[in-house]
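Peer 1: Okay, handing you the structure first.
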Amino acid sequence: MSQLSSTLPRGTARARSTGTLLGWAALAVTVLIWAAFALTIRAIGHSPLTPGDVALIRFLIPAALLLPLLPSHLPALRRVPRRAALMITAGAGLPFFLIAAAGGATTSAAHVSALVAGTTPLSVVLVGAVLFRDRVQAAQWPGLGLILLGIVLLVAGLGTVGASPITGIALLLSASLLWGGYTFGLRRAGLDPLAVAMLVTYPSLLLLAPLLLTGALPSHLTQVPMQGLLPFIAVQGVGVGIVASLTYPYALKHLGTLRCATVGALAPVLATLLALPLLGERPSLASAIGVAIVTTGVLVCNLMPGRQGAAHVQ
């Protein structure tokens, strides 16, 4: 009996150590997927595919993979308040995707990642203040101020003040606001990660189908060889649609909100670096500094007392 009791703490410590190690691995995969999301949004313009094509890949693949599990999750999905369901579906589903894709078409991968994922703390504060009358805490102002400064530099880093780039910036910030609403929807829905993925996937697919069938969203999918589809299938369909939905909650469970949010803030930096060899994008000095300042702002928001712990993309 004494031998058994002495081995329990060791087993528990070993299990915790293994869980922590796997948590870091899950977080690394998640951050890589977040960065890859920005890269594939920008890569649409470098391929024959249309935003509608990539949206179909994004939602059809997880819809097929999750279908066997849908019946067991229907009771929980039916209990979600309508407002929360709308915020989740719009904030991470088809509206979010199409707005982010339209914004990315005239900017860069650095802008997509920094202005969508990087401005999440600011978006959460704005959505909370407008819809739920939440008060901004004093400890949040330094981080929010840095994020605003980073946005200004990212706008300046475009190098032009034409309507198209400015519209792209506005669209990306609108996508960030939708993601802020998604964050609040998650808090009120009380769903497990797979149910959340279903609530994002199936309504989006139902909205997308008539848009493609009627030609409201053009499609070139049949003209693209499988080799050209594989990066989008891997990142959007499998990575964003399924894997990140599971790895991020796992990382949260074993590492905690603070570690995950802090490491997650590096996604814009990673996207900017990967865009150099993969897309040939070289950010201007102002844009590079803007990404660094936005990332710093996110870190400050998460490290300061009173932080709200915004959820991340995508």
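Order determines the names: the first chain of the structure tokens is A, the second B, and so forth; residues in each chain are numbered 1 upward, and ligands are numbered 1 upward as they are shown.
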Considering only C-alpha atoms, tabulate each residue of segment 37-103 of chain A that lies at most 7 Å from segment 172-179 of chain A along with its nearest interatomic pair and the corresponding distance in Å to one decimal; arrange the rows by chain and ascending residue number and present them as a Markdown table.

Peer 2:
```
| residue | atom | partner | partner_atom | distance |
| --- | --- | --- | --- | --- |
| A:Ala90 | CA | A:Leu178 | CA | 6.7 |
| A:Gly91 | CA | A:Leu178 | CA | 4.3 |
| A:Ala92 | CA | A:Trp179 | CA | 6.2 |
| A:Phe96 | CA | A:Ala175 | CA | 5.4 |
| A:Ile99 | CA | A:Ala175 | CA | 5.9 |
| A:Ala100 | CA | A:Leu172 | CA | 5.4 |
| A:Gly103 | CA | A:Leu172 | CA | 5.1 |
```

Peer 1: With 12 Å as the cut-off and only C-alpha atoms counted, what is the closest atom pair between each nearby residue of segment 107-189 of chain A and segment 45-51 of chain A? Distances in Å to one decimal, ordered by chain and number, as a tab-separated table.

Peer 2:
```
residue	atom	partner	partner_atom	distance
A:Thr107	CA	A:Gly45	CA	10.7
A:Ser108	CA	A:Gly45	CA	10.4
A:Ala109	CA	A:Gly45	CA	11.3
```

Peer 1: What lies within 8 Å of Cys301 of chain A using only C-alpha atoms, ignoring chain neighbours under 4 positions off, as a PyMOL selection string?

Peer 2: chain A and resi 121+139-140+142-144+297+307

Peer 1: Skipping near chain neighbours, those fewer than 2 positions away, what residues fall within 10 Å of Thr262 of chain A using only C-alpha atoms, listed as a list of chain:residue names?

Peer 2: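 Returned residues: A:Thr257, A:Leu258, A:Arg259, A:Cys260, A:Gly264, A:Ala265, A:Leu266, A:Thr295, A:Thr296, A:Val298, A:Leu299, A:Val300, A:Cys301, A:Asn302, A:Leu303, A:Gly309.
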
Peer 1: Write to file, as an mmCIF file, in the first residue's frame, the residues of the selection just made, with all heavy atoms.

Peer 2:
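Result file follows (result17.cif):
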```cif
data_model
loop_
_atom_site.group_PDB
_atom_site.id
_atom_site.type_symbol
_atom_site.label_atom_id
_atom_site.label_comp_id
_atom_site.auth_asym_id
_atom_site.auth_seq_id
_atom_site.Cartn_x
_atom_site.Cartn_y
_atom_site.Cartn_z
ATOM 1 N N THR A 257 -4.451 30.222 -20.168
ATOM 2 C CA THR A 257 -4.780 31.303 -21.091
ATOM 3 C C THR A 257 -3.599 32.228 -21.338
ATOM 4 O O THR A 257 -3.346 32.652 -22.467
ATOM 5 C CB THR A 257 -5.965 32.115 -20.547
ATOM 6 O OG1 THR A 257 -7.083 31.243 -20.348
ATOM 7 C CG2 THR A 257 -6.368 33.215 -21.517
ATOM 8 N N LEU A 258 -2.865 32.580 -20.289
ATOM 9 C CA LEU A 258 -1.790 33.563 -20.423
ATOM 10 C C LEU A 258 -0.700 33.078 -21.376
ATOM 11 O O LEU A 258 -0.288 33.811 -22.290
ATOM 12 C CB LEU A 258 -1.186 33.871 -19.047
ATOM 13 C CG LEU A 258 -0.032 34.881 -19.032
ATOM 14 C CD1 LEU A 258 -0.464 36.196 -19.666
ATOM 15 C CD2 LEU A 258 0.482 35.105 -17.624
ATOM 16 N N ARG A 259 -0.219 31.861 -21.188
ATOM 17 C CA ARG A 259 0.825 31.332 -22.072
ATOM 18 C C ARG A 259 0.329 31.257 -23.515
ATOM 19 O O ARG A 259 1.040 31.628 -24.449
ATOM 20 C CB ARG A 259 1.260 29.946 -21.606
ATOM 21 C CG ARG A 259 2.131 29.933 -20.350
ATOM 22 C CD ARG A 259 2.418 28.502 -19.948
ATOM 23 N NE ARG A 259 3.335 28.425 -18.822
ATOM 24 C CZ ARG A 259 3.673 27.299 -18.222
ATOM 25 N NH1 ARG A 259 3.161 26.149 -18.648
ATOM 26 N NH2 ARG A 259 4.520 27.295 -17.206
ATOM 27 N N CYS A 260 -0.895 30.775 -23.699
ATOM 28 C CA CYS A 260 -1.421 30.609 -25.055
ATOM 29 C C CYS A 260 -1.596 31.955 -25.752
ATOM 30 O O CYS A 260 -1.242 32.113 -26.924
ATOM 31 C CB CYS A 260 -2.754 29.861 -25.015
ATOM 32 S SG CYS A 260 -2.592 28.118 -24.570
ATOM 33 N N GLY A 264 0.528 33.043 -28.849
ATOM 34 C CA GLY A 264 -0.321 33.284 -30.006
ATOM 35 C C GLY A 264 -0.106 34.641 -30.635
ATOM 36 O O GLY A 264 -0.355 34.829 -31.836
ATOM 37 N N ALA A 265 0.379 35.586 -29.848
ATOM 38 C CA ALA A 265 0.645 36.928 -30.372
ATOM 39 C C ALA A 265 1.758 36.930 -31.412
ATOM 40 O O ALA A 265 1.918 37.902 -32.152
ATOM 41 C CB ALA A 265 1.011 37.867 -29.223
ATOM 42 N N LEU A 266 2.526 35.851 -31.472
ATOM 43 C CA LEU A 266 3.625 35.777 -32.437
ATOM 44 C C LEU A 266 3.156 35.392 -33.841
ATOM 45 O O LEU A 266 3.951 35.424 -34.782
ATOM 46 C CB LEU A 266 4.662 34.748 -31.960
ATOM 47 C CG LEU A 266 5.321 35.041 -30.604
ATOM 48 C CD1 LEU A 266 6.250 33.896 -30.223
ATOM 49 C CD2 LEU A 266 6.077 36.353 -30.645
ATOM 50 N N THR A 295 2.088 43.300 -32.222
ATOM 51 C CA THR A 295 2.417 42.119 -31.429
ATOM 52 C C THR A 295 2.734 42.493 -29.987
ATOM 53 O O THR A 295 2.269 41.839 -29.045
ATOM 54 C CB THR A 295 3.624 41.384 -32.052
ATOM 55 O OG1 THR A 295 3.287 40.994 -33.388
ATOM 56 C CG2 THR A 295 3.991 40.148 -31.243
ATOM 57 N N THR A 296 3.489 43.566 -29.810
ATOM 58 C CA THR A 296 3.801 44.042 -28.461
ATOM 59 C C THR A 296 2.536 44.459 -27.731
ATOM 60 O O THR A 296 2.364 44.175 -26.539
ATOM 61 C CB THR A 296 4.783 45.227 -28.525
ATOM 62 O OG1 THR A 296 5.965 44.823 -29.223
ATOM 63 C CG2 THR A 296 5.154 45.695 -27.131
ATOM 64 N N VAL A 298 -0.482 43.272 -28.167
ATOM 65 C CA VAL A 298 -1.201 42.064 -27.751
ATOM 66 C C VAL A 298 -0.561 41.463 -26.506
ATOM 67 O O VAL A 298 -1.250 41.042 -25.575
ATOM 68 C CB VAL A 298 -1.230 41.039 -28.898
ATOM 69 C CG1 VAL A 298 -1.891 39.742 -28.444
ATOM 70 C CG2 VAL A 298 -1.969 41.604 -30.105
ATOM 71 N N LEU A 299 0.772 41.427 -26.493
ATOM 72 C CA LEU A 299 1.474 40.906 -25.314
ATOM 73 C C LEU A 299 1.144 41.727 -24.075
ATOM 74 O O LEU A 299 0.868 41.170 -23.009
ATOM 75 C CB LEU A 299 2.982 40.912 -25.564
ATOM 76 C CG LEU A 299 3.501 39.937 -26.619
ATOM 77 C CD1 LEU A 299 4.983 40.178 -26.881
ATOM 78 C CD2 LEU A 299 3.279 38.499 -26.168
ATOM 79 N N VAL A 300 1.146 43.035 -24.212
ATOM 80 C CA VAL A 300 0.845 43.909 -23.072
ATOM 81 C C VAL A 300 -0.585 43.685 -22.593
ATOM 82 O O VAL A 300 -0.846 43.595 -21.394
ATOM 83 C CB VAL A 300 1.073 45.383 -23.453
ATOM 84 C CG1 VAL A 300 0.555 46.311 -22.348
ATOM 85 C CG2 VAL A 300 2.555 45.649 -23.696
ATOM 86 N N CYS A 301 -1.518 43.567 -23.545
ATOM 87 C CA CYS A 301 -2.918 43.328 -23.165
ATOM 88 C C CYS A 301 -3.074 42.034 -22.375
ATOM 89 O O CYS A 301 -3.883 41.954 -21.448
ATOM 90 C CB CYS A 301 -3.794 43.267 -24.417
ATOM 91 S SG CYS A 301 -4.188 44.868 -25.155
ATOM 92 N N ASN A 302 -2.301 41.019 -22.731
ATOM 93 C CA ASN A 302 -2.434 39.727 -22.068
ATOM 94 C C ASN A 302 -1.618 39.614 -20.784
ATOM 95 O O ASN A 302 -1.947 38.809 -19.914
ATOM 96 C CB ASN A 302 -2.017 38.611 -23.028
ATOM 97 C CG ASN A 302 -3.072 38.338 -24.084
ATOM 98 O OD1 ASN A 302 -4.164 37.870 -23.780
ATOM 99 N ND2 ASN A 302 -2.772 38.666 -25.322
ATOM 100 N N LEU A 303 -0.557 40.402 -20.682
ATOM 101 C CA LEU A 303 0.298 40.310 -19.498
ATOM 102 C C LEU A 303 -0.128 41.246 -18.383
ATOM 103 O O LEU A 303 0.168 40.992 -17.217
ATOM 104 C CB LEU A 303 1.749 40.618 -19.881
ATOM 105 C CG LEU A 303 2.428 39.575 -20.787
ATOM 106 C CD1 LEU A 303 3.794 40.065 -21.238
ATOM 107 C CD2 LEU A 303 2.566 38.243 -20.059
ATOM 108 N N GLY A 309 -8.360 38.259 -22.045
ATOM 109 C CA GLY A 309 -8.103 36.972 -22.679
ATOM 110 C C GLY A 309 -8.871 36.733 -23.944
ATOM 111 O O GLY A 309 -9.727 35.868 -24.012
#
```

Peer 1: Between A:Val54, A:Ile147, A:Ala63, A:Ala261, which one has atoms that come closest to Leu27 of chain A, using only C-alpha atoms?

Peer 2: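 The answer is A:Ala261, which sits nearest to Leu27 of chain A.
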
Peer 1: Please measure the separation of atom CA of Ala195 of chain A and atom CA of Leu60 of chain A, giving the value in Å to one decimal.

Peer 2: 15.8 Å

Peer 1: Run DSSP on the backbone and tell me which residues of segment 74-172 of chain A come out as helix (DSSP H, G or I); list them as a ChimeraX atom specification.

Peer 2: /A:74-78,82-92,94-104,109-117,120-132,138-156,163-172

Peer 1: Selection from above, C-alpha atoms, as a compact mmCIF listing (two decimals), in the first residue's frame, can you write it?

Peer 2:
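Done, and the output landed in selection_38.txt:
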```txt
# COMPACT_ATOMS: atom_id res chain seq x y z
CA LEU A 74 -27.50 18.51 -32.25
CA PRO A 75 -29.11 18.81 -28.78
CA ALA A 76 -26.32 21.14 -27.59
CA LEU A 77 -26.47 23.17 -30.81
CA ARG A 78 -30.23 23.65 -30.44
CA ARG A 82 -29.79 32.79 -31.30
CA ARG A 83 -27.68 35.88 -30.73
CA ALA A 84 -24.67 33.82 -29.67
CA ALA A 85 -25.15 31.47 -32.62
CA LEU A 86 -25.26 34.41 -35.04
CA MET A 87 -22.10 35.93 -33.55
CA ILE A 88 -20.24 32.62 -33.87
CA THR A 89 -21.42 31.89 -37.41
CA ALA A 90 -20.78 35.40 -38.72
CA GLY A 91 -17.63 35.97 -36.70
CA ALA A 92 -15.73 32.86 -37.83
CA LEU A 94 -18.48 32.70 -44.32
CA PRO A 95 -18.96 36.46 -43.67
CA PHE A 96 -15.65 36.62 -41.81
CA PHE A 97 -13.86 34.60 -44.48
CA LEU A 98 -15.10 36.61 -47.46
CA ILE A 99 -14.39 39.96 -45.79
CA ALA A 100 -10.88 38.84 -44.79
CA ALA A 101 -10.25 37.54 -48.33
CA ALA A 102 -11.43 40.82 -49.88
CA GLY A 103 -9.20 42.79 -47.52
CA GLY A 104 -6.19 40.57 -48.15
CA ALA A 109 0.02 38.61 -45.48
CA ALA A 110 1.54 40.80 -42.77
CA HIS A 111 -1.50 43.07 -42.88
CA VAL A 112 -3.95 40.15 -42.86
CA SER A 113 -2.40 38.55 -39.79
CA ALA A 114 -1.66 41.75 -37.86
CA LEU A 115 -4.96 43.48 -38.60
CA VAL A 116 -7.19 40.46 -38.01
CA ALA A 117 -5.54 38.33 -35.32
CA THR A 120 -8.42 41.01 -31.53
CA PRO A 121 -7.97 42.61 -28.05
CA LEU A 122 -9.05 45.97 -29.46
CA SER A 123 -12.02 44.42 -31.28
CA VAL A 124 -13.15 42.57 -28.15
CA VAL A 125 -13.07 45.84 -26.19
CA LEU A 126 -15.03 47.70 -28.91
CA VAL A 127 -17.66 44.97 -29.32
CA GLY A 128 -18.02 44.67 -25.54
CA ALA A 129 -18.44 48.42 -25.13
CA VAL A 130 -20.99 48.80 -27.95
CA LEU A 131 -23.09 45.65 -27.50
CA PHE A 132 -22.68 44.84 -23.82
CA ALA A 138 -7.29 51.15 -17.05
CA ALA A 139 -4.76 48.32 -17.35
CA GLN A 140 -5.88 47.70 -20.93
CA TRP A 141 -5.12 51.17 -22.29
CA PRO A 142 -1.34 50.77 -22.80
CA GLY A 143 -1.75 47.63 -24.89
CA LEU A 144 -4.69 49.04 -26.84
CA GLY A 145 -2.73 52.21 -27.52
CA LEU A 146 0.16 50.19 -28.94
CA ILE A 147 -2.21 48.24 -31.19
CA LEU A 148 -3.67 51.52 -32.51
CA LEU A 149 -0.18 52.85 -33.17
CA GLY A 150 0.70 49.64 -35.01
CA ILE A 151 -2.43 50.01 -37.18
CA VAL A 152 -1.37 53.54 -38.14
CA LEU A 153 2.07 52.28 -39.16
CA LEU A 154 0.59 49.38 -41.13
CA VAL A 155 -1.58 51.84 -43.05
CA ALA A 156 1.45 54.03 -43.69
CA ALA A 163 -8.91 53.82 -52.35
CA SER A 164 -8.07 50.15 -52.88
CA PRO A 165 -5.43 49.68 -50.13
CA ILE A 166 -7.39 51.78 -47.65
CA THR A 167 -10.50 49.73 -48.42
CA GLY A 168 -8.44 46.59 -47.80
CA ILE A 169 -7.38 47.89 -44.38
CA ALA A 170 -10.99 48.74 -43.53
CA LEU A 171 -12.16 45.28 -44.56
CA LEU A 172 -9.50 43.54 -42.47
```

Peer 1: What is the distance, in Å and to one decimal place, between atom CA of Leu186 of chain A and atom CA of Ala28 of chain A?

Peer 2: 22.5 Å

Peer 1: To one decimal in Å, tell me the separation between atom CA of Ile233 of chain A and atom CA of Ala275 of chain A.

Peer 2: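 Calculated distance between atom CA of Ile233 of chain A and atom CA of Ala275 of chain A is 18.6 Å.
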
Peer 1: Give me the segment 114-230 of chain A side of the contact with segment 237-256 of chain A, cut-off 8 Å, one line per residue showing its nearest atom pair and distance in Å at one decimal, counting only C-alpha atoms, sorted by chain and residue number, as CSV.

Peer 2:
```
residue,atom,partner,partner_atom,distance
A:Pro193,CA,A:Ser245,CA,5.8
A:Leu194,CA,A:Ser245,CA,7.0
A:Ala197,CA,A:Ser245,CA,6.7
A:Thr201,CA,A:Gly241,CA,7.9
```
